[in-house]
Amino acid sequence: MIAEGKSSERAPYLLALPTWLVLGGFFLLPLFVLFLISFGQRATYGGLKPIDDLWTYVASGKVLAQYARSFHGIYLQIFWRSIWMAVVTTGLCLLVSYPVAYYIAVVAPERRRNLLLGLVVIPFWTSFLIRTYAWMFILRTEGLANKLLMASGLTSKPLELLYNDFSVLLGLVYGELPFMILPLYASLEKLDLSLLEASADLGAPRQSTFWRVTVPMTMPGIVAGIILVFVPSLGQFIVSDLLGGAKTILAGNLIQNQFAVARNKPFGAAIAFELTAAVLLLLFVYALYTKRKGQDVLL
Amino acid sequence: MKRGWFLRTHTFLVYVFLYAPIAILVLFSFNKTSQTAVWQGLTLEWYRNLMHDELILVSVRNSLVVGVATTVIATVIGTLAALALGRFEFRGKGMTKNLLYLPIIIPEIVIGAALVTFFGAARLRLSILTVVIAHVVFSISYVTIVVRARLSGFDRSLEEAALDLGARPVQTFFRVTLPLILPGIVSGALLVFTVSIDDYVITSFVAGVGSTTLPLQIYSMLKVGVTPEVNAVSTLLLAVTVVLIVVAQRLQQPPPERSEG
């Protein structure tokens with residue numbers, strides 16, 4: 001038994017070792033390299049400018065030049081725009097999803113529940129790219145939406161439905177909707193319906209039962225949904241690239257552009273870390289919230 | 001009931017919103033004309049064209065190679081981590097959990113940028129190998145989450161009974177634990193394969209010449225112009241992933257109660 005005790009002490013470390021090796025070597029280390037590069041300068045032909053003397057480099061303030069640059073003019077506008085788009089997307093998703101999740105979890109007959117839920121899970125896992133392309137296909141100048149608008153006589157020539165804030169928001173809401181419905185469903189499903197009945201029996205009107213019982217009881221799902229939608233919206237790249245064209249640049253497009261087109265890795269890295277910092281800050285607040293509620297998130 | 005009426009109509013409209021664009025895309029992949037907004041009758045021409053499109057065929061092959069390799073590697077590593085988290089208390093458990101959360105919460109675009117920079121610094125040429133490495137990185141967590149859920153769902157007394165009856169821990173694992181969590185493992189593997197063949201953002205950073213995957217190929221096609229072939233290849237990719245997801249979902253349902261007998 002002593003030998004076995006020893007081996008089971010080692011077991012968890014051996015089991016977790018491959019994860020640490022792979023994620024340590026090919027995830028944490030690359031993030032660290034990217035972090036270091038964010039303090040560098042772009043050389044004339046892309047790549048990195050060598051640093052002659054570290055001390056003078058740091059003392060001259062050049063070390064933070066990329067971060068300083070990112071808080072100016074057009075870049076600051078892009079950040080605000082990204083945050084604003086993510087906020088509107090999250091708000092719209094919450095408004096649209098709550099009644100749906102409520103219907104599936106509380107109102108729908110039990111035998112239909114799995115089907116209704118499955119129909120939300122499928123878009124949750126299917127290609128974001130193809131789902132975005134579907135809207136590109138419908139909204140483009142020669143697309144179905146314009147054909148219908150013209151046939152109905154609402155407009156005589158095709159409208160520019162693509163490449164504006166409307167199409168980007170539509171694509172974001174469409175893409176992120178399942179990520180809001182699922183956590184809302186999970187917490188509505190646990191809702192004790194007798195509480196709603198008690199509230200009604202005590203004479204509370206439906207509206208106040210909803211705002212004072214249902215909403216507070218499902219707050220964990222609401223917060224989880226907000227995080228699950230807001231965080232990916234903030235780093236969005238595909239939707240703004242395909243449905244926004246060059247006019248709707250968001251933080252994600254800016255990062256991609258620095259690596260693929262402008263070849264300014266230090267600047268791209270600095271923006272990537274600002275985005276990461278924003279996301280981690282949000283999740284830290286979320287972790288504090290769930291800890292207070294005493295629940296484990298996924299693992 | 002007025003409220004029931006509102007909820008039902010609203011839910012119905014949201015499902016229409018979720019599925020109509022996909023349905024339209026699929027429908028027009030069978031449309032006879034490339035003037036794609038007018039319906040001209042059924043054809044399989046665009047699907048036939050795909051079979052002769054060298055670029056598409058190469059990208060499909062690349063996606064399958066990457067998908068299978070990623071699935072095998074990530075499923076093994078992720079399952080081992082799930083066992084560590086689900087069966088043991090150890091120092092660093094919290095850290096391991098946090099490590100596994102990170103690839104899900106760090107924006108894809110940041111992971112892609114970090115990996116391409118790292119591969120550049122390590123003088124590793126962008127190829128199928130770098131794509132597989134990137135996919136394994138973002139896939140392990142999915143497997144761990146799904147298998148971990150399965151592990152916490154089953155009765156530990158079954159394992160204890162096996163040990164009490166004199167089975168060695170290794171025997172217990174292979175004869176009791178593994179069969180019980182196998183549906184979770186298969187489900188995790190299917191999800192990894194789905195996420196791998198669908199990934200665009202990270203892959204676009206780490207794929208090199210000759211390692212273009214299907215989503216990258218689709219993206220470059222639709223950047224040039226919308227053609228019925230794009231609809232056809234998208235439809236095929238959707239069909240494959242939907243089947244995989246439905247199977248994965250079925251497997252994730254809690255195991256049925258064992259009847260005595």
# chains A, B, ... in the order shown; residues from 1 in each chain; ligands from 1

$ interface_residues --of "chain A" --to "chain B" --cutoff "7 Å" --atoms "only C-alpha atoms" --output "count of residues only"
33

$ atom_distance --atom1 "CA of Thr218 in chain A" --atom2 "CA of Met95 in chain B"
28.8 Å

$ residues_around --residues "Ala86 in chain A" --least-positions-apart "3" --cutoff "6 Å" --atoms "only C-alpha atoms" --output "list in words"
Ile83, Thr89, Phe230, Ser233 and Leu234 of chain A

$ atom_distance --atom1 "CA of Phe267 in chain A" --atom2 "CA of Leu48 in chain A"
11.0 Å
